[in-house]
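Undergrad: Encoded as structure tokens, here's the structure I'll be asking about.
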Amino acid sequence: MLKFKIKGILLAAALVLISCNTTPTLQKYIVDSKENNEFMSVDVPASIIQLKNVDVSDSAKNTLNTIKKMNFLALQLNENNEKLYVSEKMKVEKILKNPKYKQLIRFKRNKSNVSVNYLGDENAINEVVVFGSDNKKGFAIVRILGENMNPSDILKLSQDIKIDGNSNQMNQLESLFKSLN
Amino acid sequence: MKKIILIAVLLIGSYTSFAQESIFDKFEDMDDVTTVVVNKEAFRMLSTFKGDNAKSNDYVQMVQNLNSLKVFTTENNEIASQMKNVVGSYLKKAKLTELMRVKDKDANVKIYVKKGKDDTHVSELLMFVNDMANKTSQEAVILSLTGDIDLNKISEITDNYIPKNDK
């Protein structure tokens, strides 16, 4: 029992350390950028993801509870903000270069780039960051926050969930994507 | 003493991160090159998606031993010939052996391997394709897969991970 407690405390301490060291940088970046009118941003709580049936297993509910929220942040390129785009893109790239972000995949075609990164362990992910940029259109960050998200459990869960399409946040998100095109 | 350990750790750290980079990485920065990079973390994550049957377990086993997959594609003549040169010099330096070679009127495909722990395992698989059909716009593809690769299962990987060309 004591052993378990110590482990728990260590784990908590480790989590605090991890979140103190790295999360604030991207967190801070997103918070700061939201104040800038050049950026578009939407925060989506995990509550828009809903279970299709109430009577799913507890483990599925627990899995769902590991997902906390999502941030979207986008900078659309126009005639006047190219300098901003270049400098901001470099900032994000620098944040993601931190070895604590483990990069899964990156893809590049002509002038557009997409990378998928995460924080945590492969079985217990705390943050997923998708960063896409296109030197003609702008860039976007999609950030999914959670606590010990397990990708294989989430994959299993994906059959049992639906997205609440009528929520405010969902509408905001839709209009964001529309304006991006 | 502490300083020495720190330096050693830093050195090892920089070495391992260096080891992930390859001679082909410079192509990633070129505008006319399409790049796909799949890192070790992705393979490890994929391997946590456990399947139910024996076949998918096999698959998981293979995937979790992979280190990286890099694919560089270009349709630019100049870069295509650069790629050919880089592959050529890499082959001499890295002591890869040719596994197979296919040449027809459309393309020239060469597959090289670096010997791994035994006869059926290789530590690196390199595929180089260049387009023969169209002399005016040459295409070239470099595919580099590293890790502990079971040759018997390569066909499975190639079926699943190489993005299909829609053209």
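Residues in the structure tokens are numbered from 1 in each chain, the chains being A, B, ... in the order shown, and ligands are numbered from 1 in the order shown.
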Produce a table with one row for each residue of chain A that has an atom at most 6 Å from any atom of chain B, each row naming the nearest atom pair and its distance in Å at one decimal; use only C-alpha atoms; arrange rows by chain and rising residue number; format as JSON lines.
TA:
```
{"residue": "A:Leu104", "atom": "CA", "partner": "B:Ala42", "partner_atom": "CA", "distance": 4.5}
{"residue": "A:Ile105", "atom": "CA", "partner": "B:Val38", "partner_atom": "CA", "distance": 4.5}
{"residue": "A:Arg106", "atom": "CA", "partner": "B:Val37", "partner_atom": "CA", "distance": 5.1}
{"residue": "A:Phe107", "atom": "CA", "partner": "B:Val36", "partner_atom": "CA", "distance": 4.5}
{"residue": "A:Lys108", "atom": "CA", "partner": "B:Thr35", "partner_atom": "CA", "distance": 4.9}
{"residue": "A:Arg109", "atom": "CA", "partner": "B:Thr34", "partner_atom": "CA", "distance": 4.3}
{"residue": "A:Asn110", "atom": "CA", "partner": "B:Asp31", "partner_atom": "CA", "distance": 5.1}
{"residue": "A:Glu122", "atom": "CA", "partner": "B:Met45", "partner_atom": "CA", "distance": 5.3}
{"residue": "A:Ser152", "atom": "CA", "partner": "B:Phe49", "partner_atom": "CA", "distance": 5.0}
```
Undergrad: What does the file look like for those residues with N, CA and C atoms, as an mmCIF file, in the first residue's frame?
TA:
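Resulting contents of out-v4.cif:
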```cif
data_model
loop_
_atom_site.group_PDB
_atom_site.id
_atom_site.type_symbol
_atom_site.label_atom_id
_atom_site.label_comp_id
_atom_site.auth_asym_id
_atom_site.auth_seq_id
_atom_site.Cartn_x
_atom_site.Cartn_y
_atom_site.Cartn_z
ATOM 1 N N LEU A 104 5.902 11.806 -34.134
ATOM 2 C CA LEU A 104 5.468 10.547 -34.712
ATOM 3 C C LEU A 104 5.751 10.517 -36.201
ATOM 4 N N ILE A 105 5.218 11.512 -36.869
ATOM 5 C CA ILE A 105 5.262 11.502 -38.323
ATOM 6 C C ILE A 105 5.432 12.924 -38.822
ATOM 7 N N ARG A 106 6.185 13.102 -39.868
ATOM 8 C CA ARG A 106 6.117 14.384 -40.540
ATOM 9 C C ARG A 106 6.009 14.165 -42.042
ATOM 10 N N PHE A 107 5.333 15.080 -42.650
ATOM 11 C CA PHE A 107 5.045 14.956 -44.063
ATOM 12 C C PHE A 107 5.268 16.308 -44.709
ATOM 13 N N LYS A 108 5.895 16.299 -45.842
ATOM 14 C CA LYS A 108 6.158 17.567 -46.515
ATOM 15 C C LYS A 108 5.890 17.403 -47.996
ATOM 16 N N ARG A 109 5.194 18.376 -48.553
ATOM 17 C CA ARG A 109 4.997 18.365 -49.989
ATOM 18 C C ARG A 109 5.093 19.806 -50.469
ATOM 19 N N ASN A 110 5.970 20.046 -51.425
ATOM 20 C CA ASN A 110 6.220 21.402 -51.908
ATOM 21 C C ASN A 110 6.449 22.358 -50.740
ATOM 22 N N GLU A 122 3.949 6.310 -24.929
ATOM 23 C CA GLU A 122 3.077 5.847 -26.009
ATOM 24 C C GLU A 122 1.766 5.270 -25.481
ATOM 25 N N SER A 152 -4.490 3.187 -28.051
ATOM 26 C CA SER A 152 -5.191 1.994 -28.510
ATOM 27 C C SER A 152 -6.585 1.919 -27.880
#
```
Undergrad: Using DSSP assignments from the backbone, pull out every residue in chain A that falls under alpha helix (DSSP H) and give it to me as a PyMOL selection string.
TA: chain A and resi 2-21+23-34+58-66+82-97+151-157+168-180
Undergrad: Please report the interatomic distance between CA of Lys89 (chain A) and CA of Lys111 (chain A) in Å with one decimal.
TA: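 Pair CA of Lys89 (chain A) / CA of Lys111 (chain A) returns 13.0 Å.
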Undergrad: Give me, as a PyMOL selection string, the residues of region 11-106 of chain A that a backbone DSSP run labels strand (DSSP E).
TA: chain A and resi 39-45+49-51+67-76+102-106
Undergrad: Could you take the residues named above and write them with N, CA and C atoms, as a short mmCIF file (atom, residue, chain, number, x, y, z; two decimals), in the first residue's frame?
TA:
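Dumped to out_10.cif:
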```
data_model
loop_
_atom_site.label_atom_id
_atom_site.label_comp_id
_atom_site.auth_asym_id
_atom_site.auth_seq_id
_atom_site.Cartn_x
_atom_site.Cartn_y
_atom_site.Cartn_z
N PHE A 39 -4.64 36.05 -35.43
CA PHE A 39 -4.86 34.61 -35.24
C PHE A 39 -6.34 34.30 -35.10
N MET A 40 -6.70 33.09 -35.50
CA MET A 40 -8.04 32.59 -35.22
C MET A 40 -7.88 31.44 -34.24
N SER A 41 -8.75 31.38 -33.28
CA SER A 41 -8.61 30.29 -32.33
C SER A 41 -9.97 29.80 -31.84
N VAL A 42 -10.04 28.51 -31.54
CA VAL A 42 -11.24 27.92 -30.96
C VAL A 42 -10.79 26.93 -29.89
N ASP A 43 -11.43 26.98 -28.74
CA ASP A 43 -11.19 25.96 -27.72
C ASP A 43 -12.41 25.06 -27.66
N VAL A 44 -12.16 23.79 -27.68
CA VAL A 44 -13.26 22.85 -27.67
C VAL A 44 -13.14 21.95 -26.44
N PRO A 45 -14.14 21.94 -25.55
CA PRO A 45 -14.06 21.02 -24.42
C PRO A 45 -14.36 19.60 -24.89
N ILE A 49 -17.49 15.44 -27.41
CA ILE A 49 -17.43 14.02 -27.76
C ILE A 49 -18.38 13.29 -26.82
N GLN A 50 -19.37 12.66 -27.36
CA GLN A 50 -20.35 11.99 -26.52
C GLN A 50 -20.46 10.52 -26.87
N LEU A 51 -20.86 9.76 -25.88
CA LEU A 51 -21.05 8.33 -26.11
C LEU A 51 -22.38 8.11 -26.82
N ILE A 67 -9.57 12.32 -22.08
CA ILE A 67 -9.48 13.43 -23.04
C ILE A 67 -10.07 14.67 -22.40
N LYS A 68 -9.32 15.74 -22.35
CA LYS A 68 -9.81 16.92 -21.65
C LYS A 68 -10.33 18.01 -22.58
N LYS A 69 -9.49 18.51 -23.43
CA LYS A 69 -9.98 19.54 -24.35
C LYS A 69 -9.10 19.66 -25.59
N MET A 70 -9.57 20.46 -26.49
CA MET A 70 -8.81 20.67 -27.72
C MET A 70 -8.65 22.16 -27.99
N ASN A 71 -7.50 22.55 -28.46
CA ASN A 71 -7.26 23.94 -28.89
C ASN A 71 -7.00 23.95 -30.39
N PHE A 72 -7.57 24.92 -31.03
CA PHE A 72 -7.22 25.16 -32.43
C PHE A 72 -6.70 26.58 -32.54
N LEU A 73 -5.62 26.73 -33.24
CA LEU A 73 -5.08 28.06 -33.45
C LEU A 73 -4.59 28.13 -34.88
N ALA A 74 -4.99 29.18 -35.58
CA ALA A 74 -4.57 29.28 -36.97
C ALA A 74 -4.17 30.70 -37.32
N LEU A 75 -3.19 30.80 -38.17
CA LEU A 75 -2.77 32.10 -38.70
C LEU A 75 -2.89 32.02 -40.21
N GLN A 76 -3.78 32.84 -40.72
CA GLN A 76 -3.97 32.81 -42.17
C GLN A 76 -3.09 33.85 -42.82
N LYS A 102 7.64 14.14 -28.65
CA LYS A 102 8.09 13.04 -29.49
C LYS A 102 7.36 13.14 -30.81
N GLN A 103 8.13 13.16 -31.85
CA GLN A 103 7.51 13.30 -33.15
C GLN A 103 7.15 11.93 -33.70
N LEU A 104 5.90 11.81 -34.13
CA LEU A 104 5.47 10.55 -34.71
C LEU A 104 5.75 10.52 -36.20
N ILE A 105 5.22 11.51 -36.87
CA ILE A 105 5.26 11.50 -38.32
C ILE A 105 5.43 12.92 -38.82
N ARG A 106 6.18 13.10 -39.87
CA ARG A 106 6.12 14.38 -40.54
C ARG A 106 6.01 14.17 -42.04
#
```
Undergrad: Write out as a ChimeraX atom specification each polymer residue whose atoms come within 8 Å of region 109-120 of chain B, counting only C-alpha atoms; drop sequence neighbours fewer than 6 positions from it.
TA: /B:95-103,126-130,148-152
Undergrad: Expressed in Å to a single decimal, how great is the separation between CA of Lys92 (chain B) and CA of Gly147 (chain B)?
TA: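 We find that CA of Lys92 (chain B) and CA of Gly147 (chain B) lie 20.2 Å from each other.
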Undergrad: Quick check, in Å to one decimal: how far apart do CA of Leu173 (chain A) and CA of Val142 (chain A) lie?
TA: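 The value is 11.4 Å.
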Undergrad: Identify, on the basis of only C-alpha atoms, every residue whose closest approach to Thr146 (chain B) does not exceed 6 Å; exclude the query and any residue fewer than 4 positions from it along the same chain; express the result as a list in words.
TA: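 So, after excluding close chain neighbours, the residues are Asn67, Ser68, Ser123 and Glu124 of chain B.
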Undergrad: Quick one: write out the picked residues with C-alpha atoms as a PDB file, in the first residue's frame?
TA:
```
ATOM      1  CA  ASN B  67      13.355   2.598 -36.206  1.00  0.00           C
ATOM      2  CA  SER B  68      12.389   4.940 -38.946  1.00  0.00           C
ATOM      3  CA  SER B 123      19.130  -3.532 -40.151  1.00  0.00           C
ATOM      4  CA  GLU B 124      18.440  -1.299 -43.092  1.00  0.00           C
TER       5      GLU B 124
END
```
